[in-house]
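Below is final_35.cif, holding mmCIF, C-alpha atoms and all ligand atoms.
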```cif
data_start
loop_
_atom_site.group_PDB
_atom_site.id
_atom_site.type_symbol
_atom_site.label_atom_id
_atom_site.label_comp_id
_atom_site.auth_asym_id
_atom_site.auth_seq_id
_atom_site.Cartn_x
_atom_site.Cartn_y
_atom_site.Cartn_z
ATOM 1 C CA MET A 1 2.818 -7.323 -1.522
ATOM 2 C CA LEU A 2 1.494 -6.833 1.946
ATOM 3 C CA CYS A 3 4.475 -8.295 3.647
ATOM 4 C CA ARG A 4 5.790 -6.353 6.616
ATOM 5 C CA TYR A 5 9.291 -6.653 5.184
ATOM 6 C CA TYR A 6 8.306 -4.389 2.286
ATOM 7 C CA HIS A 7 6.213 -1.789 4.091
ATOM 8 C CA ARG A 8 6.693 0.499 7.050
ATOM 9 C CA TRP A 9 3.147 1.879 7.102
ATOM 10 C CA PHE A 10 -0.129 0.148 6.327
ATOM 11 C CA GLY A 11 -3.444 1.479 5.004
ATOM 12 C CA TRP A 12 -3.969 4.379 2.575
ATOM 13 C CA ALA A 13 -3.610 6.856 5.462
ATOM 14 C CA GLY A 14 -0.948 4.870 7.349
ATOM 15 C CA ASP A 15 -3.189 4.018 10.300
ATOM 16 C CA SER A 16 -0.866 1.185 11.355
ATOM 17 C CA ASP A 17 2.864 0.643 11.633
ATOM 18 C CA ASN A 18 2.585 -3.147 11.422
ATOM 19 C CA LEU A 19 0.621 -5.801 9.593
ATOM 20 C CA TRP A 20 -1.145 -7.338 12.594
ATOM 21 C CA ALA A 21 -2.497 -3.986 13.748
ATOM 22 C CA GLN A 22 -3.713 -3.294 10.209
ATOM 23 C CA SER A 23 -5.403 -6.716 10.217
ATOM 24 C CA LEU A 24 -7.553 -5.893 13.208
ATOM 25 C CA LEU A 25 -8.964 -2.706 11.658
ATOM 26 C CA PRO A 26 -11.414 -4.426 9.244
ATOM 27 C CA ILE A 27 -12.562 -6.659 12.111
ATOM 28 C CA LEU A 28 -13.504 -3.641 14.215
ATOM 29 C CA ASN A 29 -14.572 -1.200 11.475
ATOM 30 C CA PRO A 30 -18.359 -0.598 11.686
ATOM 31 C CA ASP A 31 -18.522 -0.597 7.860
ATOM 32 C CA GLU A 32 -16.747 -3.954 7.638
ATOM 33 C CA PHE A 33 -17.048 -6.797 10.211
ATOM 34 C CA ALA A 34 -18.220 -4.480 12.993
ATOM 35 C CA GLN A 35 -16.976 -6.796 15.758
ATOM 36 C CA ASP A 36 -15.671 -5.834 19.177
ATOM 37 C CA ALA A 37 -12.996 -7.480 21.288
ATOM 38 C CA GLU A 38 -15.499 -8.924 23.790
ATOM 39 C CA SER A 39 -17.557 -10.719 21.137
ATOM 40 C CA LEU A 40 -14.381 -12.082 19.574
ATOM 41 C CA LYS A 41 -13.287 -13.417 22.929
ATOM 42 C CA SER A 42 -16.553 -15.348 23.363
ATOM 43 C CA MET A 43 -16.246 -16.571 19.765
ATOM 44 C CA MET A 44 -12.781 -17.971 20.533
ATOM 45 C CA ALA A 45 -13.918 -19.524 23.829
ATOM 46 C CA ASP A 46 -16.747 -21.483 22.309
ATOM 47 C CA GLY A 47 -17.282 -22.110 18.612
ATOM 48 C CA ARG A 48 -15.611 -23.437 15.508
ATOM 49 C CA TYR A 49 -12.282 -21.652 16.199
ATOM 50 C CA ALA A 50 -12.069 -22.579 19.893
ATOM 51 C CA ASP A 51 -9.753 -25.597 19.513
ATOM 52 C CA THR A 52 -7.403 -23.897 17.065
ATOM 53 C CA TYR A 53 -7.236 -20.763 19.170
ATOM 54 C CA ALA A 54 -6.502 -22.705 22.382
ATOM 55 C CA GLU A 55 -3.823 -24.743 20.619
ATOM 56 C CA LEU A 56 -2.038 -21.606 19.390
ATOM 57 C CA PHE A 57 -2.558 -19.135 22.213
ATOM 58 C CA GLY A 58 -3.952 -21.057 25.236
ATOM 59 C CA SER A 59 -7.383 -20.691 26.740
ATOM 60 C CA PRO A 60 -8.910 -17.236 26.147
ATOM 61 C CA SER A 61 -10.656 -17.329 29.533
ATOM 62 C CA GLY A 62 -7.694 -15.813 31.402
ATOM 63 C CA GLN A 63 -6.875 -13.332 28.591
ATOM 64 C CA THR A 64 -8.140 -9.780 28.169
ATOM 65 C CA PRO A 65 -10.411 -9.177 25.138
ATOM 66 C CA GLU A 66 -7.641 -6.985 23.618
ATOM 67 C CA THR A 67 -5.140 -9.838 23.923
ATOM 68 C CA VAL A 68 -7.554 -12.182 22.133
ATOM 69 C CA LEU A 69 -8.105 -9.579 19.410
ATOM 70 C CA VAL A 70 -4.366 -9.069 18.935
ATOM 71 C CA ASN A 71 -3.711 -12.831 18.867
ATOM 72 C CA ILE A 72 -6.268 -13.255 16.081
ATOM 73 C CA ALA A 73 -4.734 -10.331 14.186
ATOM 74 C CA LYS A 74 -1.228 -11.834 14.540
ATOM 75 C CA ALA A 75 -2.461 -15.152 13.118
ATOM 76 C CA LEU A 76 -4.004 -13.267 10.180
ATOM 77 C CA ALA A 77 -0.747 -11.369 9.664
ATOM 78 C CA ALA A 78 1.295 -14.602 9.723
ATOM 79 C CA TYR A 79 -0.862 -15.897 6.875
ATOM 80 C CA GLN A 80 -0.663 -12.670 4.868
ATOM 81 C CA GLU A 81 3.119 -12.682 5.173
ATOM 82 C CA THR A 82 3.123 -15.791 2.983
ATOM 83 C CA LEU A 83 1.384 -13.905 0.144
ATOM 84 C CA ILE A 84 4.362 -12.847 -1.924
ATOM 85 C CA THR A 85 3.808 -11.970 -5.570
ATOM 86 C CA GLY A 86 5.482 -14.248 -8.123
ATOM 87 C CA THR A 87 8.059 -13.412 -10.770
ATOM 88 C CA THR A 88 6.706 -11.001 -13.372
ATOM 89 C CA SER A 89 7.716 -10.462 -16.997
ATOM 90 C CA PHE A 90 9.339 -7.216 -15.799
ATOM 91 C CA ASP A 91 11.400 -9.208 -13.237
ATOM 92 C CA ARG A 92 12.527 -11.626 -15.949
ATOM 93 C CA PHE A 93 13.609 -8.656 -18.097
ATOM 94 C CA ARG A 94 15.488 -7.096 -15.190
ATOM 95 C CA ASP A 95 17.236 -10.373 -14.351
ATOM 96 C CA ALA A 96 18.113 -10.923 -18.014
ATOM 97 C CA LEU A 97 19.701 -7.464 -18.242
ATOM 98 C CA GLU A 98 21.708 -8.123 -15.095
ATOM 99 C CA ARG A 99 23.094 -11.287 -16.680
ATOM 100 C CA SER A 100 23.542 -9.501 -20.043
ATOM 101 C CA ASP A 101 21.288 -12.154 -21.590
ATOM 102 C CA MET A 102 19.954 -10.010 -24.421
ATOM 103 C CA GLU A 103 18.123 -12.916 -26.027
ATOM 104 C CA LEU A 104 15.966 -13.418 -22.927
ATOM 105 C CA ALA A 105 15.621 -9.646 -22.463
ATOM 106 C CA ALA A 106 14.116 -9.452 -25.977
ATOM 107 C CA ASP A 107 11.130 -11.490 -24.717
ATOM 108 C CA TYR A 108 9.951 -8.409 -22.841
ATOM 109 C CA PRO A 109 7.447 -6.661 -25.124
ATOM 110 C CA PRO A 110 8.874 -3.537 -26.822
ATOM 111 C CA SER A 111 5.859 -1.493 -25.684
ATOM 112 C CA ALA A 112 6.595 -2.369 -22.022
ATOM 113 C CA GLN A 113 10.272 -1.473 -22.594
ATOM 114 C CA ARG A 114 9.252 1.931 -23.940
ATOM 115 C CA GLY A 115 6.808 2.302 -21.029
ATOM 116 C CA LEU A 116 9.595 1.506 -18.545
ATOM 117 C CA GLN A 117 11.693 4.292 -20.077
ATOM 118 C CA ILE A 118 8.813 6.733 -19.567
ATOM 119 C CA PHE A 119 8.285 5.434 -15.999
ATOM 120 C CA LEU A 120 11.931 6.085 -15.143
ATOM 121 C CA GLY A 121 12.354 9.162 -17.302
ATOM 122 C CA LYS A 122 9.964 11.881 -18.316
ATOM 123 C CA GLY A 123 6.997 10.353 -16.444
ATOM 124 C CA ARG A 124 8.957 10.783 -13.168
ATOM 125 C CA CYS A 125 6.960 7.904 -11.706
ATOM 126 C CA ALA A 126 9.962 6.297 -10.012
ATOM 127 C CA PHE A 127 10.372 9.371 -7.815
ATOM 128 C CA CYS A 128 7.615 7.877 -5.631
ATOM 129 C CA HIS A 129 7.125 4.356 -7.054
ATOM 130 C CA THR A 130 10.606 2.995 -6.403
ATOM 131 C CA GLY A 131 12.275 -0.127 -4.926
ATOM 132 C CA PRO A 132 11.190 -3.784 -5.077
ATOM 133 C CA ALA A 133 7.508 -2.980 -4.389
ATOM 134 C CA PHE A 134 7.511 0.195 -6.533
ATOM 135 C CA THR A 135 6.800 2.442 -3.561
ATOM 136 C CA ASN A 136 8.988 4.699 -1.460
ATOM 137 C CA GLY A 137 6.719 3.724 1.447
ATOM 138 C CA GLU A 138 5.793 7.331 2.172
ATOM 139 C CA PHE A 139 2.813 9.650 1.678
ATOM 140 C CA HIS A 140 2.164 12.065 -1.168
ATOM 141 C CA ASP A 141 -0.604 14.075 -2.750
ATOM 142 C CA ALA A 142 -1.081 12.557 -6.208
ATOM 143 C CA GLY A 143 -3.788 15.028 -7.176
ATOM 144 C CA VAL A 144 -6.753 12.790 -6.361
ATOM 145 C CA PRO A 145 -9.638 14.906 -5.066
ATOM 146 C CA TYR A 146 -9.868 14.637 -1.308
ATOM 147 C CA PHE A 147 -13.396 15.990 -1.049
ATOM 148 C CA VAL A 148 -15.462 12.960 -0.074
ATOM 149 C CA GLU A 149 -18.580 15.072 -0.590
ATOM 150 C CA PRO A 150 -19.090 18.844 -0.692
ATOM 151 C CA GLY A 151 -17.773 20.233 2.578
ATOM 152 C CA ARG A 152 -16.220 16.989 3.832
ATOM 153 C CA VAL A 153 -12.630 16.046 3.096
ATOM 154 C CA ASP A 154 -10.641 12.875 3.603
ATOM 155 C CA PRO A 155 -7.627 14.127 5.594
ATOM 156 C CA GLY A 156 -5.454 11.157 4.489
ATOM 157 C CA ARG A 157 -2.154 10.885 6.365
ATOM 158 C CA HIS A 158 -3.112 13.774 8.665
ATOM 159 C CA GLY A 159 -5.979 11.667 10.028
ATOM 160 C CA GLY A 160 -3.927 8.442 9.872
ATOM 161 C CA LEU A 161 -1.259 9.935 12.134
ATOM 162 C CA GLN A 162 -3.911 10.812 14.685
ATOM 163 C CA VAL A 163 -5.188 7.211 14.671
ATOM 164 C CA LEU A 164 -1.634 5.915 14.878
ATOM 165 C CA ARG A 165 -0.661 8.074 17.818
ATOM 166 C CA GLU A 166 -3.753 7.078 19.795
ATOM 167 C CA SER A 167 -3.466 3.375 18.961
ATOM 168 C CA PRO A 168 -2.428 0.876 21.658
ATOM 169 C CA PHE A 169 -1.535 -1.516 18.808
ATOM 170 C CA THR A 170 1.711 -0.042 17.466
ATOM 171 C CA LEU A 171 5.222 -1.466 17.646
ATOM 172 C CA ASP A 172 5.761 0.916 20.566
ATOM 173 C CA GLY A 173 2.774 -0.490 22.475
ATOM 174 C CA ALA A 174 2.318 -3.288 25.003
ATOM 175 C CA PHE A 175 1.351 -5.912 22.394
ATOM 176 C CA THR A 176 4.524 -5.827 20.339
ATOM 177 C CA ASP A 177 6.375 -9.138 20.046
ATOM 178 C CA ASP A 178 9.740 -7.440 20.304
ATOM 179 C CA PRO A 179 10.620 -6.693 23.948
ATOM 180 C CA GLY A 180 13.431 -4.384 22.757
ATOM 181 C CA LYS A 181 10.913 -2.448 20.597
ATOM 182 C CA LYS A 182 13.526 -2.019 17.894
ATOM 183 C CA GLY A 183 10.885 -1.469 15.218
ATOM 184 C CA ALA A 184 9.235 1.340 17.193
ATOM 185 C CA TRP A 185 11.612 4.088 16.003
ATOM 186 C CA ALA A 186 9.350 4.969 13.053
ATOM 187 C CA VAL A 187 6.156 5.473 15.039
ATOM 188 C CA ARG A 188 8.069 7.276 17.793
ATOM 189 C CA ASN A 189 9.551 9.753 15.372
ATOM 190 C CA VAL A 190 6.640 10.697 13.133
ATOM 191 C CA ARG A 191 5.472 14.282 13.454
ATOM 192 C CA ARG A 192 2.197 15.619 12.169
ATOM 193 C CA THR A 193 2.325 18.751 10.031
ATOM 194 C CA HIS A 194 -0.275 20.490 7.879
ATOM 195 C CA THR A 195 1.464 19.186 4.746
ATOM 196 C CA ASP A 196 0.250 15.681 5.671
ATOM 197 C CA PHE A 197 -3.268 16.819 4.865
ATOM 198 C CA GLY A 198 -4.669 15.049 1.801
ATOM 199 C CA THR A 199 -1.622 12.835 1.309
ATOM 200 C CA PHE A 200 -1.972 9.082 0.875
ATOM 201 C CA ARG A 201 0.414 6.165 0.983
ATOM 202 C CA VAL A 202 2.212 5.487 -2.274
ATOM 203 C CA PRO A 203 0.800 2.072 -3.164
ATOM 204 C CA SER A 204 2.865 -0.856 -4.384
ATOM 205 C CA LEU A 205 2.477 -1.419 -8.119
ATOM 206 C CA ARG A 206 3.141 -5.181 -8.027
ATOM 207 C CA GLY A 207 0.069 -6.991 -9.313
ATOM 208 C CA VAL A 208 -1.522 -3.608 -10.032
ATOM 209 C CA SER A 209 -3.305 -4.800 -13.206
ATOM 210 C CA ARG A 210 -5.499 -6.992 -10.979
ATOM 211 C CA THR A 211 -6.519 -4.451 -8.364
ATOM 212 C CA ALA A 212 -8.853 -2.009 -10.150
ATOM 213 C CA PRO A 213 -10.386 0.381 -9.327
ATOM 214 C CA TYR A 214 -7.500 2.668 -8.449
ATOM 215 C CA MET A 215 -6.526 5.354 -5.944
ATOM 216 C CA HIS A 216 -7.641 5.494 -2.291
ATOM 217 C CA ASP A 217 -11.194 6.378 -3.292
ATOM 218 C CA GLY A 218 -11.386 3.906 -6.178
ATOM 219 C CA SER A 219 -12.194 6.829 -8.476
ATOM 220 C CA LEU A 220 -10.184 5.649 -11.508
ATOM 221 C CA PRO A 221 -11.584 2.553 -13.242
ATOM 222 C CA ASP A 222 -8.502 1.265 -15.088
ATOM 223 C CA LEU A 223 -4.788 1.815 -15.648
ATOM 224 C CA THR A 224 -5.340 3.967 -18.737
ATOM 225 C CA ALA A 225 -7.423 6.297 -16.572
ATOM 226 C CA VAL A 226 -4.578 6.427 -14.014
ATOM 227 C CA VAL A 227 -1.997 7.300 -16.662
ATOM 228 C CA ASP A 228 -4.393 9.878 -18.175
ATOM 229 C CA HIS A 229 -4.773 11.337 -14.677
ATOM 230 C CA TYR A 230 -1.011 11.852 -14.357
ATOM 231 C CA ASN A 231 -0.690 12.955 -17.982
ATOM 232 C CA ASN A 232 -3.262 15.735 -17.579
ATOM 233 C CA ILE A 233 -2.779 16.380 -13.872
ATOM 234 C CA ASP A 234 -4.827 19.273 -12.597
ATOM 235 C CA LEU A 235 -2.320 21.498 -10.806
ATOM 236 C CA GLU A 236 -5.173 23.426 -9.195
ATOM 237 C CA ARG A 237 -6.234 20.264 -7.428
ATOM 238 C CA LEU A 238 -2.888 19.681 -5.702
ATOM 239 C CA HIS A 239 -3.089 21.465 -2.398
ATOM 240 C CA ALA A 240 -1.024 24.529 -1.659
ATOM 241 C CA ASP A 241 1.988 22.459 -0.657
ATOM 242 C CA GLY A 242 1.407 20.223 -3.699
ATOM 243 C CA GLU A 243 3.989 17.906 -5.072
ATOM 244 C CA ALA A 244 6.290 19.998 -7.231
ATOM 245 C CA ILE A 245 7.282 16.767 -8.928
ATOM 246 C CA LEU A 246 3.854 16.355 -10.545
ATOM 247 C CA MET A 247 3.031 18.282 -13.692
ATOM 248 C CA PRO A 248 1.183 17.568 -16.947
ATOM 249 C CA LEU A 249 3.376 15.152 -18.917
ATOM 250 C CA GLY A 250 2.346 15.766 -22.519
ATOM 251 C CA LEU A 251 2.442 12.052 -23.398
ATOM 252 C CA THR A 252 1.007 11.015 -26.764
ATOM 253 C CA ASP A 253 -1.709 8.332 -26.929
ATOM 254 C CA ALA A 254 0.932 5.809 -28.008
ATOM 255 C CA GLU A 255 3.111 6.715 -25.012
ATOM 256 C CA VAL A 256 0.117 6.352 -22.680
ATOM 257 C CA ASP A 257 -0.406 2.834 -24.110
ATOM 258 C CA ASP A 258 3.285 2.043 -23.574
ATOM 259 C CA LEU A 259 3.166 3.151 -19.944
ATOM 260 C CA VAL A 260 0.057 1.018 -19.409
ATOM 261 C CA ALA A 261 1.865 -1.955 -21.042
ATOM 262 C CA PHE A 262 4.706 -1.484 -18.539
ATOM 263 C CA LEU A 263 2.264 -1.348 -15.596
ATOM 264 C CA ASN A 264 0.633 -4.546 -16.882
ATOM 265 C CA SER A 265 4.034 -6.268 -16.877
ATOM 266 C CA LEU A 266 4.244 -5.885 -13.072
ATOM 267 C CA SER A 267 1.781 -8.730 -12.481
ATOM 268 C CA ASP A 268 2.918 -12.346 -12.526
ATOM 269 C CA ASP A 269 1.788 -14.821 -15.196
ATOM 270 C CA GLN A 270 0.496 -12.151 -17.505
ATOM 271 C CA PRO A 271 0.351 -13.250 -21.135
ATOM 272 C CA ALA A 272 2.881 -11.185 -23.084
ATOM 273 C CA ALA A 273 1.057 -8.389 -24.867
ATOM 274 C CA ASP A 274 2.490 -5.891 -27.309
HETATM 275 C C1 LIG B 1 4.595 12.434 -5.989
HETATM 276 C C2 LIG B 1 4.588 11.003 -5.857
HETATM 277 C C3 LIG B 1 4.051 10.195 -7.017
HETATM 278 C C4 LIG B 1 4.441 10.210 -8.342
HETATM 279 C C5 LIG B 1 5.529 11.076 -8.969
HETATM 280 C C6 LIG B 1 3.641 9.218 -9.030
HETATM 281 N N1 LIG B 1 2.792 8.603 -8.132
HETATM 282 FE FE1 LIG B 1 1.467 7.112 -8.567
HETATM 283 N N2 LIG B 1 0.695 7.270 -6.703
HETATM 284 C C7 LIG B 1 1.141 8.117 -5.711
HETATM 285 C C8 LIG B 1 0.203 8.134 -4.623
HETATM 286 C C9 LIG B 1 0.323 8.916 -3.328
HETATM 287 C C10 LIG B 1 -0.855 7.289 -5.007
HETATM 288 C C11 LIG B 1 -2.141 7.051 -4.217
HETATM 289 C C12 LIG B 1 -2.970 8.308 -4.444
HETATM 290 C C13 LIG B 1 -4.316 8.321 -3.791
HETATM 291 O O1 LIG B 1 -4.902 7.275 -3.570
HETATM 292 O O2 LIG B 1 -4.795 9.438 -3.510
HETATM 293 C C14 LIG B 1 -0.500 6.753 -6.317
HETATM 294 C C15 LIG B 1 -1.262 5.841 -7.029
HETATM 295 C C16 LIG B 1 -0.881 5.255 -8.233
HETATM 296 C C17 LIG B 1 -1.557 4.144 -8.879
HETATM 297 C C18 LIG B 1 -2.808 3.440 -8.345
HETATM 298 C C19 LIG B 1 -2.448 2.213 -7.558
HETATM 299 C C20 LIG B 1 -3.607 1.632 -6.812
HETATM 300 O O3 LIG B 1 -3.462 0.492 -6.331
HETATM 301 O O4 LIG B 1 -4.665 2.276 -6.667
HETATM 302 C C21 LIG B 1 -0.885 3.865 -10.025
HETATM 303 C C22 LIG B 1 -1.191 2.768 -11.057
HETATM 304 C C23 LIG B 1 0.194 4.825 -10.117
HETATM 305 N N3 LIG B 1 0.160 5.650 -9.001
HETATM 306 C C24 LIG B 1 1.094 4.904 -11.164
HETATM 307 C C25 LIG B 1 1.944 6.002 -11.354
HETATM 308 C C26 LIG B 1 2.589 6.329 -12.618
HETATM 309 C C27 LIG B 1 2.459 5.521 -13.897
HETATM 310 C C28 LIG B 1 3.305 7.475 -12.400
HETATM 311 C C29 LIG B 1 4.091 8.288 -13.389
HETATM 312 C C30 LIG B 1 3.324 8.824 -14.513
HETATM 313 C C31 LIG B 1 3.111 7.849 -11.005
HETATM 314 N N4 LIG B 1 2.268 6.942 -10.414
HETATM 315 C C32 LIG B 1 3.711 8.943 -10.384
HETATM 316 C C33 LIG B 1 2.303 8.869 -5.745
HETATM 317 C C34 LIG B 1 2.995 9.181 -6.913
#
```
Just give me the structure of the file as structure tokens.
Ligand code: HEC
Amino acid sequence: MLCRYYHRWFGWAGDSDNLWAQSLLPILNPDEFAQDAESLKSMMADGRYADTYAELFGSPSGQTPETVLVNIAKALAAYQETLITGTTSFDRFRDALERSDMELAADYPPSAQRGLQIFLGKGRCAFCHTGPAFTNGEFHDAGVPYFVEPGRVDPGRHGGLQVLRESPFTLDGAFTDDPGKKGAWAVRNVRRTHTDFGTFRVPSLRGVSRTAPYMHDGSLPDLTAVVDHYNNIDLERLHADGEAILMPLGLTDAEVDDLVAFLNSLSDDQPAAD
């Protein structure tokens, strides 16, 4: 669920306030495509994308390199907006309950039902993973180590806000498609405080069984490891302003399995497992 309608911030550190700006980051990132706006402009003027580009956005020759870059990013965003996850076995359960169709609701594996109760109840997961995409859209410290290597930390949202505030590619900038800049209120109103340090965006959990490894640094190999992480959370590791909501959960092995079964039910077309 990348769609802009479900997210206010993009990237683990919230470097972007919109999907097209997020889409240009991997193009420019030296560790990814390592392109620059000038080379993209020549690529669009002459090459396999030239005709398509000209058809959509006109000839690049009179456009600044930044405009060409943004146009490409907007085309990428338009495609990504069509990538909406399908109905999951959890969704079918939810819909069945709403219609009081208990027969259909019984198709949802009992282990996932027990896992859902933990997710909403003593696991306290829904405090942050809430709403249609299972995220409150904000930034928290979930106890993942933020030392990238000894002496070097990943500042998370603290660094993301810096990038965001210096970016010409926000909804408050010159490239926005909305002349009224109605969507710019969020980026205009964010403030950076020391509590942003080491916080990361609460990720959506739709399709989560297919997106291992987990957490911003990919440090947890599977969903059992994620649940174990929360179950035995190291309070020392949460920074001084740590999330008071997180504490060791004391789940039994069977309860860990149930919570994992629930997380697995958030992907579409999963074979029912109990
Ligand atoms: C205080 C807010 C908060 C609570 C409570 C919370 N999470 Fe998270 N969750 C996060 C954040 C933030 C991340 C990303 C952390 C990171 O990358 O450093 C995350 C990451 C995850 C991921 C990894 C997703 C991915 O794509 O990498 C899973 C799965 C997950 N949480 C499940 C749970 C479960 C299950 C619970 C309850 C036991 C829970 N969360 C409770 C904030 C929270």
Original post:
Please, what distance in Å, to one decimal, runs between atom CA of A:Ser111 and atom CA of A:Asp257?
Top reply: 7.8 Å
Within 7 Å of ligand LIG 1 (chain B), which residues of chain A come that close, and what is the closest atom pair and distance in Å for each? Count only C-alpha atoms and all ligand atoms and give it as CSV.
```
residue,atom,partner,partner_atom,distance
A:Trp12,CA,B:LIG1,O1,6.9
A:Phe119,CA,B:LIG1,C29,5.7
A:Gly123,CA,B:LIG1,C30,4.4
A:Arg124,CA,B:LIG1,C5,5.4
A:Cys125,CA,B:LIG1,C29,3.3
A:Ala126,CA,B:LIG1,C5,6.6
A:Phe127,CA,B:LIG1,C5,5.3
A:Cys128,CA,B:LIG1,C2,4.4
A:His129,CA,B:LIG1,N1,6.2
A:Phe139,CA,B:LIG1,C9,5.6
A:His140,CA,B:LIG1,C9,4.2
A:Asp141,CA,B:LIG1,C9,5.3
A:Ala142,CA,B:LIG1,C9,4.8
A:Gly143,CA,B:LIG1,O2,6.8
A:Val144,CA,B:LIG1,O2,4.8
A:Thr199,CA,B:LIG1,C9,6.4
A:Phe200,CA,B:LIG1,C9,4.8
A:Arg201,CA,B:LIG1,C9,5.1
A:Val202,CA,B:LIG1,C9,4.1
A:Pro203,CA,B:LIG1,C19,5.5
A:Ser204,CA,B:LIG1,O3,6.8
A:Leu205,CA,B:LIG1,C19,6.1
A:Val208,CA,B:LIG1,O3,5.9
A:Thr211,CA,B:LIG1,O3,6.2
A:Ala212,CA,B:LIG1,O4,6.9
A:Pro213,CA,B:LIG1,O4,6.6
A:Tyr214,CA,B:LIG1,O4,3.4
A:Met215,CA,B:LIG1,O1,3.5
A:His216,CA,B:LIG1,O1,3.5
A:Asp217,CA,B:LIG1,O1,6.4
A:Gly218,CA,B:LIG1,O4,6.9
A:Leu223,CA,B:LIG1,C22,5.9
A:Val226,CA,B:LIG1,C22,5.8
A:Val227,CA,B:LIG1,C27,5.5
A:Tyr230,CA,B:LIG1,C30,5.3
A:Asn231,CA,B:LIG1,C30,6.7
A:Glu243,CA,B:LIG1,C1,5.6
A:Ile245,CA,B:LIG1,C1,5.9
A:Leu246,CA,B:LIG1,C5,5.8
A:Leu259,CA,B:LIG1,C27,6.5
```
**OP:** Check what the PyMOL selection byres (((chain A and resi 235) around 9) and not hetatm) selects in the file above and give those residues as JSON, numbers by chain.
**Re:** {"A": [143, 232, 233, 234, 236, 237, 238, 239, 242, 246, 247, 248]}
Original post:
Evaluating the PyMOL selection byres (((chain A and resi 17) around 12) and not hetatm) on the displayed file yields which residues, as number ranges by chain?
Top reply: A: 4-16, 18-23, 137-138, 160-161, 163-165, 167-173, 176, 183-190
**OP:** Could you give me, as a list of chain:residue names, the residues within 12 Å of A:Phe147, counting all atoms listed in the file and dropping anything in the same chain fewer than 5 positions from it?
**Re:** A:Arg152, A:Val153, A:Asp154, A:Pro155, A:Gly156, A:Phe197, A:Gly198, A:Asp217, A:Ser219, A:Arg237, A:His239
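Interatomic distance, atom CA of A:Asp269 against atom CA of A:Leu251: 28.1 Å.
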